[in-house]
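One file, data.pdb, is given below (PDB, C-alpha atoms).
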```pdb
ATOM      1  CA  MET E   1     -51.052  12.844  78.497  1.00  0.00           C
ATOM      2  CA  GLY E   2     -54.487  13.098  76.898  1.00  0.00           C
ATOM      3  CA  GLU E   3     -56.648  10.345  75.488  1.00  0.00           C
ATOM      4  CA  ARG E   4     -56.440  11.756  71.987  1.00  0.00           C
ATOM      5  CA  GLN E   5     -52.677  11.470  72.052  1.00  0.00           C
ATOM      6  CA  LYS E   6     -52.929   7.925  73.296  1.00  0.00           C
ATOM      7  CA  THR E   7     -55.260   6.974  70.477  1.00  0.00           C
ATOM      8  CA  SER E   8     -53.298   8.380  67.570  1.00  0.00           C
ATOM      9  CA  SER E   9     -50.119   6.886  68.952  1.00  0.00           C
ATOM     10  CA  ALA E  10     -51.966   3.568  69.184  1.00  0.00           C
ATOM     11  CA  MET E  11     -52.782   3.771  65.468  1.00  0.00           C
ATOM     12  CA  ARG E  12     -49.166   4.626  64.693  1.00  0.00           C
ATOM     13  CA  GLN E  13     -47.985   1.703  66.786  1.00  0.00           C
ATOM     14  CA  ILE E  14     -50.328  -0.590  64.924  1.00  0.00           C
ATOM     15  CA  ASP E  15     -48.962   0.416  61.545  1.00  0.00           C
ATOM     16  CA  GLU E  16     -45.390   0.170  62.797  1.00  0.00           C
ATOM     17  CA  ASN E  17     -46.074  -3.310  64.081  1.00  0.00           C
ATOM     18  CA  LEU E  18     -47.776  -4.341  60.875  1.00  0.00           C
ATOM     19  CA  LYS E  19     -44.695  -3.296  58.955  1.00  0.00           C
ATOM     20  CA  ARG E  20     -42.447  -5.155  61.362  1.00  0.00           C
ATOM     21  CA  VAL E  21     -44.442  -8.400  61.225  1.00  0.00           C
ATOM     22  CA  TYR E  22     -44.605  -8.211  57.450  1.00  0.00           C
ATOM     23  CA  LYS E  23     -40.897  -7.464  57.155  1.00  0.00           C
ATOM     24  CA  ASP E  24     -40.071 -10.460  59.349  1.00  0.00           C
ATOM     25  CA  VAL E  25     -41.943 -12.717  56.959  1.00  0.00           C
ATOM     26  CA  GLU E  26     -40.427 -11.012  53.929  1.00  0.00           C
ATOM     27  CA  GLU E  27     -36.946 -11.556  55.267  1.00  0.00           C
ATOM     28  CA  GLY E  28     -37.496 -15.284  55.589  1.00  0.00           C
ATOM     29  CA  GLU E  29     -35.498 -17.430  53.205  1.00  0.00           C
ATOM     30  CA  ILE E  30     -37.112 -18.206  49.851  1.00  0.00           C
ATOM     31  CA  PRO E  31     -37.554 -21.963  49.484  1.00  0.00           C
ATOM     32  CA  ASP E  32     -35.684 -23.618  46.604  1.00  0.00           C
ATOM     33  CA  ARG E  33     -38.960 -24.706  45.036  1.00  0.00           C
ATOM     34  CA  PHE E  34     -39.444 -21.180  43.720  1.00  0.00           C
ATOM     35  CA  LYS E  35     -36.052 -20.956  42.096  1.00  0.00           C
ATOM     36  CA  ASP E  36     -36.697 -24.390  40.591  1.00  0.00           C
ATOM     37  CA  LEU E  37     -40.105 -23.259  39.404  1.00  0.00           C
ATOM     38  CA  LEU E  38     -38.720 -20.169  37.676  1.00  0.00           C
ATOM     39  CA  ASP E  39     -35.970 -22.245  36.064  1.00  0.00           C
ATOM     40  CA  ARG E  40     -38.551 -24.749  34.830  1.00  0.00           C
ATOM     41  CA  LEU E  41     -40.761 -21.995  33.381  1.00  0.00           C
ATOM     42  CA  LYS E  42     -37.808 -20.389  31.634  1.00  0.00           C
ATOM     43  CA  GLU E  43     -36.807 -23.725  30.183  1.00  0.00           C
ATOM     44  CA  GLN E  44     -40.348 -24.341  28.916  1.00  0.00           C
ATOM     45  CA  ASP E  45     -40.270 -20.964  27.217  1.00  0.00           C
ATOM     46  CA  SER E  46     -36.979 -21.599  25.490  1.00  0.00           C
ATOM     47  CA  ASN E  47     -38.193 -25.001  24.287  1.00  0.00           C
ATOM     48  CA  GLU E  48     -41.261 -23.455  22.737  1.00  0.00           C
ATOM     49  CA  LYS E  49     -39.285 -20.959  20.720  1.00  0.00           C
TER      50      LYS E  49
ATOM     51  CA  MET Q   1     -33.891  -0.579  43.017  1.00  0.00           C
ATOM     52  CA  LYS Q   2     -32.896  -2.102  39.719  1.00  0.00           C
ATOM     53  CA  SER Q   3     -35.329  -2.468  36.908  1.00  0.00           C
ATOM     54  CA  ASN Q   4     -35.161  -4.997  34.149  1.00  0.00           C
ATOM     55  CA  ASP Q   5     -36.907  -4.771  30.845  1.00  0.00           C
ATOM     56  CA  ASP Q   6     -38.109  -8.344  31.079  1.00  0.00           C
ATOM     57  CA  PRO Q   7     -40.648  -8.851  33.869  1.00  0.00           C
ATOM     58  CA  ARG Q   8     -39.655 -12.543  33.859  1.00  0.00           C
ATOM     59  CA  GLU Q   9     -36.315 -11.570  35.322  1.00  0.00           C
ATOM     60  CA  GLU Q  10     -37.967  -9.241  37.782  1.00  0.00           C
ATOM     61  CA  LEU Q  11     -40.389 -11.812  39.235  1.00  0.00           C
ATOM     62  CA  VAL Q  12     -37.844 -13.190  41.652  1.00  0.00           C
ATOM     63  CA  GLU Q  13     -37.507  -9.806  43.355  1.00  0.00           C
ATOM     64  CA  HIS Q  14     -41.181  -9.898  44.286  1.00  0.00           C
ATOM     65  CA  LEU Q  15     -41.137 -13.397  45.773  1.00  0.00           C
ATOM     66  CA  PRO Q  16     -40.538 -12.273  49.372  1.00  0.00           C
ATOM     67  CA  ALA Q  17     -43.443  -9.822  49.213  1.00  0.00           C
ATOM     68  CA  LEU Q  18     -45.694 -12.385  47.547  1.00  0.00           C
ATOM     69  CA  ARG Q  19     -44.902 -14.893  50.280  1.00  0.00           C
ATOM     70  CA  ALA Q  20     -45.608 -12.381  53.008  1.00  0.00           C
ATOM     71  CA  PHE Q  21     -48.911 -11.441  51.388  1.00  0.00           C
ATOM     72  CA  ALA Q  22     -49.773 -15.127  50.891  1.00  0.00           C
ATOM     73  CA  MET Q  23     -49.074 -15.894  54.523  1.00  0.00           C
ATOM     74  CA  SER Q  24     -51.281 -13.068  55.669  1.00  0.00           C
ATOM     75  CA  LEU Q  25     -54.068 -14.348  53.415  1.00  0.00           C
ATOM     76  CA  THR Q  26     -53.820 -18.059  54.189  1.00  0.00           C
ATOM     77  CA  ARG Q  27     -52.323 -17.975  57.694  1.00  0.00           C
ATOM     78  CA  ASN Q  28     -50.741 -21.282  56.833  1.00  0.00           C
ATOM     79  CA  SER Q  29     -47.174 -21.605  55.588  1.00  0.00           C
ATOM     80  CA  ALA Q  30     -47.716 -24.619  53.316  1.00  0.00           C
ATOM     81  CA  ALA Q  31     -50.861 -23.138  51.807  1.00  0.00           C
ATOM     82  CA  ALA Q  32     -49.042 -19.831  51.377  1.00  0.00           C
ATOM     83  CA  ASP Q  33     -46.253 -21.379  49.350  1.00  0.00           C
ATOM     84  CA  ASP Q  34     -48.756 -23.300  47.202  1.00  0.00           C
ATOM     85  CA  LEU Q  35     -50.543 -20.039  46.585  1.00  0.00           C
ATOM     86  CA  VAL Q  36     -47.307 -18.299  45.589  1.00  0.00           C
ATOM     87  CA  GLN Q  37     -46.481 -21.136  43.187  1.00  0.00           C
ATOM     88  CA  ASP Q  38     -49.938 -20.872  41.650  1.00  0.00           C
ATOM     89  CA  THR Q  39     -49.490 -17.102  41.351  1.00  0.00           C
ATOM     90  CA  ILE Q  40     -46.110 -17.381  39.618  1.00  0.00           C
ATOM     91  CA  GLU Q  41     -47.450 -19.932  37.145  1.00  0.00           C
ATOM     92  CA  LYS Q  42     -50.503 -17.807  36.347  1.00  0.00           C
ATOM     93  CA  ALA Q  43     -48.415 -14.647  36.072  1.00  0.00           C
ATOM     94  CA  TRP Q  44     -45.936 -16.345  33.769  1.00  0.00           C
ATOM     95  CA  LYS Q  45     -48.685 -17.469  31.411  1.00  0.00           C
ATOM     96  CA  ASN Q  46     -50.179 -13.984  31.335  1.00  0.00           C
ATOM     97  CA  LEU Q  47     -47.066 -11.856  31.238  1.00  0.00           C
ATOM     98  CA  ASP Q  48     -47.967 -10.608  27.775  1.00  0.00           C
ATOM     99  CA  LYS Q  49     -50.942  -8.911  29.442  1.00  0.00           C
ATOM    100  CA  PHE Q  50     -48.718  -7.044  31.854  1.00  0.00           C
ATOM    101  CA  GLN Q  51     -48.265  -3.447  30.791  1.00  0.00           C
ATOM    102  CA  ALA Q  52     -44.609  -2.545  30.875  1.00  0.00           C
ATOM    103  CA  GLY Q  53     -43.893   0.416  33.068  1.00  0.00           C
ATOM    104  CA  THR Q  54     -46.783  -0.251  35.440  1.00  0.00           C
ATOM    105  CA  ASN Q  55     -46.430  -1.668  38.920  1.00  0.00           C
ATOM    106  CA  LEU Q  56     -45.440  -5.321  38.582  1.00  0.00           C
ATOM    107  CA  ARG Q  57     -45.865  -5.979  42.287  1.00  0.00           C
ATOM    108  CA  ALA Q  58     -49.420  -4.655  42.251  1.00  0.00           C
ATOM    109  CA  TRP Q  59     -50.159  -6.795  39.223  1.00  0.00           C
ATOM    110  CA  LEU Q  60     -48.752  -9.907  40.935  1.00  0.00           C
ATOM    111  CA  PHE Q  61     -50.632  -9.163  44.150  1.00  0.00           C
ATOM    112  CA  THR Q  62     -53.868  -8.884  42.168  1.00  0.00           C
ATOM    113  CA  ILE Q  63     -53.266 -12.296  40.580  1.00  0.00           C
ATOM    114  CA  GLN Q  64     -52.444 -13.799  43.938  1.00  0.00           C
ATOM    115  CA  ARG Q  65     -55.458 -12.318  45.597  1.00  0.00           C
ATOM    116  CA  ASN Q  66     -57.770 -13.610  42.853  1.00  0.00           C
ATOM    117  CA  ALA Q  67     -56.167 -17.060  43.045  1.00  0.00           C
ATOM    118  CA  PHE Q  68     -56.633 -17.110  46.809  1.00  0.00           C
ATOM    119  CA  TYR Q  69     -60.295 -16.188  46.741  1.00  0.00           C
ATOM    120  CA  SER Q  70     -61.168 -18.503  43.878  1.00  0.00           C
ATOM    121  CA  SER Q  71     -59.434 -21.495  45.481  1.00  0.00           C
ATOM    122  CA  ARG Q  72     -61.059 -20.672  48.781  1.00  0.00           C
ATOM    123  CA  ARG Q  73     -64.470 -20.670  47.169  1.00  0.00           C
ATOM    124  CA  LYS Q  74     -63.707 -24.115  45.758  1.00  0.00           C
ATOM    125  CA  ALA Q  75     -62.513 -25.407  49.108  1.00  0.00           C
ATOM    126  CA  LYS Q  76     -65.408 -23.876  50.986  1.00  0.00           C
ATOM    127  CA  ARG Q  77     -66.396 -27.082  52.673  1.00  0.00           C
ATOM    128  CA  GLU Q  78     -62.922 -27.979  53.808  1.00  0.00           C
ATOM    129  CA  VAL Q  79     -61.988 -27.102  57.324  1.00  0.00           C
ATOM    130  CA  GLU Q  80     -59.731 -24.106  57.350  1.00  0.00           C
ATOM    131  CA  ASP Q  81     -56.327 -25.072  58.550  1.00  0.00           C
ATOM    132  CA  ILE Q  82     -54.653 -22.138  60.171  1.00  0.00           C
ATOM    133  CA  ASP Q  83     -51.261 -22.874  61.586  1.00  0.00           C
ATOM    134  CA  GLY Q  84     -50.708 -19.347  62.718  1.00  0.00           C
ATOM    135  CA  VAL Q  85     -47.653 -18.754  60.617  1.00  0.00           C
ATOM    136  CA  MET Q  86     -47.763 -15.041  61.220  1.00  0.00           C
ATOM    137  CA  ALA Q  87     -48.380 -15.598  64.903  1.00  0.00           C
ATOM    138  CA  ALA Q  88     -45.435 -17.933  65.171  1.00  0.00           C
ATOM    139  CA  GLY Q  89     -43.072 -15.207  64.127  1.00  0.00           C
ATOM    140  CA  LEU Q  90     -40.076 -16.151  62.067  1.00  0.00           C
ATOM    141  CA  SER Q  91     -37.598 -14.103  63.998  1.00  0.00           C
ATOM    142  CA  GLU Q  92     -38.761 -12.697  67.286  1.00  0.00           C
ATOM    143  CA  LYS Q  93     -37.149  -9.356  67.864  1.00  0.00           C
ATOM    144  CA  PRO Q  94     -37.165  -7.474  71.123  1.00  0.00           C
ATOM    145  CA  HIS Q  95     -39.670  -4.663  71.137  1.00  0.00           C
ATOM    146  CA  HIS Q  96     -37.773  -1.584  72.179  1.00  0.00           C
ATOM    147  CA  ASP Q  97     -40.765   0.470  73.149  1.00  0.00           C
ATOM    148  CA  GLY Q  98     -42.017  -2.191  75.519  1.00  0.00           C
ATOM    149  CA  ARG Q  99     -45.560  -1.091  74.891  1.00  0.00           C
ATOM    150  CA  LEU Q 100     -46.745  -3.733  72.511  1.00  0.00           C
ATOM    151  CA  ALA Q 101     -45.564  -7.303  72.452  1.00  0.00           C
ATOM    152  CA  MET Q 102     -45.124  -8.549  68.907  1.00  0.00           C
ATOM    153  CA  GLN Q 103     -46.474 -11.949  69.771  1.00  0.00           C
ATOM    154  CA  ASP Q 104     -49.732 -10.491  71.025  1.00  0.00           C
ATOM    155  CA  PHE Q 105     -49.877  -8.327  67.960  1.00  0.00           C
ATOM    156  CA  ARG Q 106     -49.448 -11.235  65.539  1.00  0.00           C
ATOM    157  CA  GLU Q 107     -52.091 -13.261  67.322  1.00  0.00           C
ATOM    158  CA  ALA Q 108     -54.514 -10.360  67.283  1.00  0.00           C
ATOM    159  CA  PHE Q 109     -53.841  -9.755  63.609  1.00  0.00           C
ATOM    160  CA  GLU Q 110     -54.759 -13.318  62.714  1.00  0.00           C
ATOM    161  CA  LEU Q 111     -58.109 -12.888  64.397  1.00  0.00           C
ATOM    162  CA  LEU Q 112     -59.188 -10.147  62.016  1.00  0.00           C
ATOM    163  CA  PRO Q 113     -61.642 -10.902  59.214  1.00  0.00           C
ATOM    164  CA  ASP Q 114     -59.988 -11.634  55.830  1.00  0.00           C
ATOM    165  CA  GLU Q 115     -60.904  -8.345  54.242  1.00  0.00           C
ATOM    166  CA  GLN Q 116     -59.513  -6.297  57.123  1.00  0.00           C
ATOM    167  CA  ARG Q 117     -56.263  -8.290  57.236  1.00  0.00           C
ATOM    168  CA  GLU Q 118     -55.903  -7.868  53.536  1.00  0.00           C
ATOM    169  CA  ALA Q 119     -56.528  -4.114  53.599  1.00  0.00           C
ATOM    170  CA  LEU Q 120     -54.057  -3.663  56.444  1.00  0.00           C
ATOM    171  CA  VAL Q 121     -51.366  -5.679  54.708  1.00  0.00           C
ATOM    172  CA  LEU Q 122     -51.822  -3.764  51.477  1.00  0.00           C
ATOM    173  CA  VAL Q 123     -51.897  -0.240  52.850  1.00  0.00           C
ATOM    174  CA  GLY Q 124     -50.445  -0.619  56.335  1.00  0.00           C
ATOM    175  CA  ALA Q 125     -47.578  -3.015  55.706  1.00  0.00           C
ATOM    176  CA  SER Q 126     -46.766  -3.216  51.987  1.00  0.00           C
ATOM    177  CA  GLY Q 127     -46.958   0.506  51.387  1.00  0.00           C
ATOM    178  CA  PHE Q 128     -49.500   0.489  48.568  1.00  0.00           C
ATOM    179  CA  SER Q 129     -51.667   3.564  48.282  1.00  0.00           C
ATOM    180  CA  TYR Q 130     -55.383   3.339  49.036  1.00  0.00           C
ATOM    181  CA  GLU Q 131     -55.953   3.846  45.305  1.00  0.00           C
ATOM    182  CA  GLU Q 132     -53.702   0.922  44.362  1.00  0.00           C
ATOM    183  CA  ALA Q 133     -55.233  -1.321  47.002  1.00  0.00           C
ATOM    184  CA  ALA Q 134     -58.737  -0.448  45.853  1.00  0.00           C
ATOM    185  CA  GLU Q 135     -57.812  -1.295  42.294  1.00  0.00           C
ATOM    186  CA  MET Q 136     -56.312  -4.627  43.368  1.00  0.00           C
ATOM    187  CA  CYS Q 137     -59.386  -5.545  45.359  1.00  0.00           C
ATOM    188  CA  GLY Q 138     -61.824  -4.245  42.779  1.00  0.00           C
ATOM    189  CA  CYS Q 139     -63.595  -1.993  45.230  1.00  0.00           C
ATOM    190  CA  ALA Q 140     -63.954   1.683  46.109  1.00  0.00           C
ATOM    191  CA  ILE Q 141     -61.165   3.571  47.850  1.00  0.00           C
ATOM    192  CA  GLY Q 142     -63.570   4.321  50.678  1.00  0.00           C
ATOM    193  CA  THR Q 143     -64.127   0.599  51.165  1.00  0.00           C
ATOM    194  CA  ILE Q 144     -60.404  -0.032  51.580  1.00  0.00           C
ATOM    195  CA  LYS Q 145     -60.088   2.878  53.997  1.00  0.00           C
ATOM    196  CA  SER Q 146     -63.028   1.603  55.940  1.00  0.00           C
ATOM    197  CA  ARG Q 147     -61.641  -1.941  56.144  1.00  0.00           C
ATOM    198  CA  ALA Q 148     -58.172  -0.754  57.137  1.00  0.00           C
ATOM    199  CA  ASN Q 149     -59.523   1.569  59.791  1.00  0.00           C
ATOM    200  CA  ARG Q 150     -61.878  -1.019  61.200  1.00  0.00           C
ATOM    201  CA  GLY Q 151     -58.944  -3.436  61.311  1.00  0.00           C
ATOM    202  CA  ARG Q 152     -56.759  -0.896  63.106  1.00  0.00           C
ATOM    203  CA  ARG Q 153     -59.466  -0.117  65.624  1.00  0.00           C
ATOM    204  CA  ARG Q 154     -60.149  -3.790  66.193  1.00  0.00           C
ATOM    205  CA  LEU Q 155     -56.442  -4.433  66.798  1.00  0.00           C
ATOM    206  CA  ALA Q 156     -56.287  -1.509  69.192  1.00  0.00           C
ATOM    207  CA  GLU Q 157     -59.296  -2.927  70.983  1.00  0.00           C
ATOM    208  CA  ILE Q 158     -57.944  -6.483  71.229  1.00  0.00           C
ATOM    209  CA  LEU Q 159     -54.603  -5.172  72.435  1.00  0.00           C
ATOM    210  CA  GLY Q 160     -56.163  -2.709  74.816  1.00  0.00           C
ATOM    211  CA  LEU Q 161     -54.420   0.223  73.168  1.00  0.00           C
ATOM    212  CA  ALA Q 162     -57.317   2.593  72.949  1.00  0.00           C
ATOM    213  CA  ASP Q 163     -60.872   3.108  74.022  1.00  0.00           C
ATOM    214  CA  GLY Q 164     -62.926   3.442  70.889  1.00  0.00           C
ATOM    215  CA  GLU Q 165     -65.828   4.953  72.796  1.00  0.00           C
ATOM    216  CA  ASP Q 166     -63.832   7.559  74.643  1.00  0.00           C
ATOM    217  CA  PRO Q 167     -65.618  10.912  74.325  1.00  0.00           C
ATOM    218  CA  VAL Q 168     -62.316  12.813  74.406  1.00  0.00           C
ATOM    219  CA  ILE Q 169     -61.294  11.226  71.107  1.00  0.00           C
ATOM    220  CA  SER Q 170     -62.562  13.969  68.872  1.00  0.00           C
ATOM    221  CA  ASP Q 171     -59.547  15.740  67.472  1.00  0.00           C
ATOM    222  CA  ALA Q 172     -59.122  16.315  63.753  1.00  0.00           C
ATOM    223  CA  THR Q 173     -57.118  13.160  63.106  1.00  0.00           C
ATOM    224  CA  ASN Q 174     -59.606  10.883  64.710  1.00  0.00           C
ATOM    225  CA  SER Q 175     -62.712  12.429  63.288  1.00  0.00           C
ATOM    226  CA  SER Q 176     -61.228  12.161  59.814  1.00  0.00           C
ATOM    227  CA  VAL Q 177     -60.446   8.511  60.476  1.00  0.00           C
ATOM    228  CA  MET Q 178     -64.028   7.969  61.556  1.00  0.00           C
ATOM    229  CA  ALA Q 179     -65.404   9.952  58.645  1.00  0.00           C
ATOM    230  CA  SER Q 180     -63.426   8.105  56.031  1.00  0.00           C
ATOM    231  CA  SER Q 181     -64.455   4.802  57.518  1.00  0.00           C
ATOM    232  CA  ASN Q 182     -68.116   5.602  57.031  1.00  0.00           C
ATOM    233  CA  GLY Q 183     -68.134   7.164  53.661  1.00  0.00           C
ATOM    234  CA  GLN Q 184     -67.333   6.251  50.129  1.00  0.00           C
ATOM    235  CA  GLY Q 185     -64.655   8.811  49.611  1.00  0.00           C
TER     236      GLY Q 185
END
```

Would you mind writing the file out in structure tokens?
Amino acid sequence: MGERQKTSSAMRQIDENLKRVYKDVEEGEIPDRFKDLLDRLKEQDSNEK
Amino acid sequence: MKSNDDPREELVEHLPALRAFAMSLTRNSAAADDLVQDTIEKAWKNLDKFQAGTNLRAWLFTIQRNAFYSSRRKAKREVEDIDGVMAAGLSEKPHHDGRLAMQDFREAFELLPDEQREALVLVGASGFSYEEAAEMCGCAIGTIKSRANRGRRRLAEILGLADGEDPVISDATNSSVMASSNGQG
């Protein structure tokens, strides 16, 4: 087990962990305020037309 | 992957990614959601400027990034309130490899300078290319590579994963990593 192997596997681990942390956040539930916001914006648009 | 003709209908699909990016930028869950709201409102107003057929997510990320940095400049004097939303971890999963605890990783990640966190989220986590990330950040590809690689090395250092100074680290992969981190391309 050489140092070079250890290092490149460290970089791989870092990217894998980044993806995992990010995915955890992404999988969190979207608060209702965003659905409400999109509905409000759509309504504004249809009122303007 | 479905695609709609109207980007208005497609926005909702990008909300999870926008929130994740916002949390990595702000490190505060309330501030992150305010930032996402601001982004959606700005994007909505400017949707006529979005070029159909191009990457909507990249476009939204660019808006969000600009909104973040401009509001941060305005709030310069305010004390930064970091609640460690990434560090808290929304759903702790067991790490199968046992080599790297996620909690330690999240905490280390939040210690990185803004520009390194951002580069790592864009190219390491969200899967954008270096070219796309450079375009979003308005800088050279080499700059993004450099930031991402410095961030990776810093994480490795904090987590004790590698010895940056080790003389044995000189294989092709590592020297190219070092080279790209120095240069502009």

Between atom CA of Q:Asp34 and atom CA of E:Phe34, distance in Å (one decimal):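 These two atoms are separated by 10.2 Å.
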
Picked residues, the PyMOL selection byres ((chain Q and resi 65) around 9), as a ChimeraX atom specification: /Q:21-22,25,39,60-64,66-70,136-137

List as a PDB file with C-alpha atoms, in the coordinates of the input the protein and nucleic acid residues near Q:Arg154, meaning an atom at most 12 Å away when all atoms listed in the file are counted, but skip any in the same chain fewer than 6 places from it.
```pdb
ATOM      1  CA  ALA E  10     -51.966   3.568  69.184  1.00  0.00           C
ATOM      2  CA  MET E  11     -52.782   3.771  65.468  1.00  0.00           C
ATOM      3  CA  ILE E  14     -50.328  -0.590  64.924  1.00  0.00           C
TER       4      ILE E  14
ATOM      5  CA  PHE Q 105     -49.877  -8.327  67.960  1.00  0.00           C
ATOM      6  CA  ALA Q 108     -54.514 -10.360  67.283  1.00  0.00           C
ATOM      7  CA  PHE Q 109     -53.841  -9.755  63.609  1.00  0.00           C
ATOM      8  CA  GLU Q 110     -54.759 -13.318  62.714  1.00  0.00           C
ATOM      9  CA  LEU Q 111     -58.109 -12.888  64.397  1.00  0.00           C
ATOM     10  CA  LEU Q 112     -59.188 -10.147  62.016  1.00  0.00           C
ATOM     11  CA  PRO Q 113     -61.642 -10.902  59.214  1.00  0.00           C
ATOM     12  CA  GLN Q 116     -59.513  -6.297  57.123  1.00  0.00           C
ATOM     13  CA  ARG Q 117     -56.263  -8.290  57.236  1.00  0.00           C
ATOM     14  CA  LEU Q 120     -54.057  -3.663  56.444  1.00  0.00           C
ATOM     15  CA  SER Q 146     -63.028   1.603  55.940  1.00  0.00           C
ATOM     16  CA  ARG Q 147     -61.641  -1.941  56.144  1.00  0.00           C
ATOM     17  CA  ALA Q 148     -58.172  -0.754  57.137  1.00  0.00           C
ATOM     18  CA  GLY Q 160     -56.163  -2.709  74.816  1.00  0.00           C
ATOM     19  CA  LEU Q 161     -54.420   0.223  73.168  1.00  0.00           C
ATOM     20  CA  ALA Q 162     -57.317   2.593  72.949  1.00  0.00           C
ATOM     21  CA  ASP Q 163     -60.872   3.108  74.022  1.00  0.00           C
ATOM     22  CA  GLY Q 164     -62.926   3.442  70.889  1.00  0.00           C
TER      23      GLY Q 164
END
```

Shortest interatomic distance to chain E - which of Q:Arg153, Q:Lys74, Q:Lys145, Q:Arg57, counting only C-alpha atoms: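 Looking only at the distances to chain E, the closest residue turns out to be Q:Arg153.
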
Expected selection from the PyMOL selection byres ((chain Q and resi 129) around 12), given as a list of chain:residue names: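 That selection, the PyMOL selection byres ((chain Q and resi 129) around 12), comes back as Q:Asn55, Q:Ala58, Q:Ala119, Q:Leu120, Q:Val121, Q:Leu122, Q:Val123, Q:Gly124, Q:Ala125, Q:Ser126, Q:Gly127, Q:Phe128, Q:Tyr130, Q:Glu131, Q:Glu132, Q:Ala133, Q:Ala134, Q:Glu135, Q:Met136, Q:Ile141, Q:Ile144, Q:Lys145, Q:Ala148.
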
Nearest-residue call for Q:Arg72, choices Q:Leu35, Q:Ala20, Q:Leu47, Q:Ala30, using only C-alpha atoms: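 Distance minimum relative to Q:Arg72 lands on Q:Leu35.
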
For atom CA of E:Arg40 and atom CA of Q:Ser29, the interatomic separation in Å (one decimal):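 Taking atom CA of E:Arg40 and atom CA of Q:Ser29, their separation equals 22.7 Å.
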
Coordinates-based distance that separates atom CA of Q:Arg19 from atom CA of E:Tyr22 (Å, one decimal):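 A separation of 9.8 Å between them.
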
Selected residue, from E:Asp24, E:Asp39, E:Asp32, E:Asn47, that lies nearest to chain Q when counting only C-alpha atoms: E:Asp24

Nearest to chain E by atom-to-atom distance, counting all atoms listed in the file, from Q:Leu159, Q:Ala31, Q:Ala101, Q:Ala17: Q:Ala17

Result set, the PyMOL selection byres ((chain E and resi 17) around 9) on current file, as an NGL selection string: (:E and (12-16 or 18-22)) or (:Q and (100 or 102 or 105-106 or 125))

Same residues, C-alpha atoms, saved as a short mmCIF file (atom, residue, chain, number, x, y, z; two decimals), in the coordinates of the input:
```
data_model
loop_
_atom_site.label_atom_id
_atom_site.label_comp_id
_atom_site.auth_asym_id
_atom_site.auth_seq_id
_atom_site.Cartn_x
_atom_site.Cartn_y
_atom_site.Cartn_z
CA ARG E 12 -49.17 4.63 64.69
CA GLN E 13 -47.98 1.70 66.79
CA ILE E 14 -50.33 -0.59 64.92
CA ASP E 15 -48.96 0.42 61.54
CA GLU E 16 -45.39 0.17 62.80
CA LEU E 18 -47.78 -4.34 60.88
CA LYS E 19 -44.70 -3.30 58.96
CA ARG E 20 -42.45 -5.16 61.36
CA VAL E 21 -44.44 -8.40 61.22
CA TYR E 22 -44.60 -8.21 57.45
CA LEU Q 100 -46.74 -3.73 72.51
CA MET Q 102 -45.12 -8.55 68.91
CA PHE Q 105 -49.88 -8.33 67.96
CA ARG Q 106 -49.45 -11.24 65.54
CA ALA Q 125 -47.58 -3.02 55.71
#
```

From Q:Trp44, Q:Asp114, Q:Gln51, Q:Gly142, residue lying nearest chain E [all atoms listed in the file]: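 For chain E, the nearest of the given residues is Q:Trp44.
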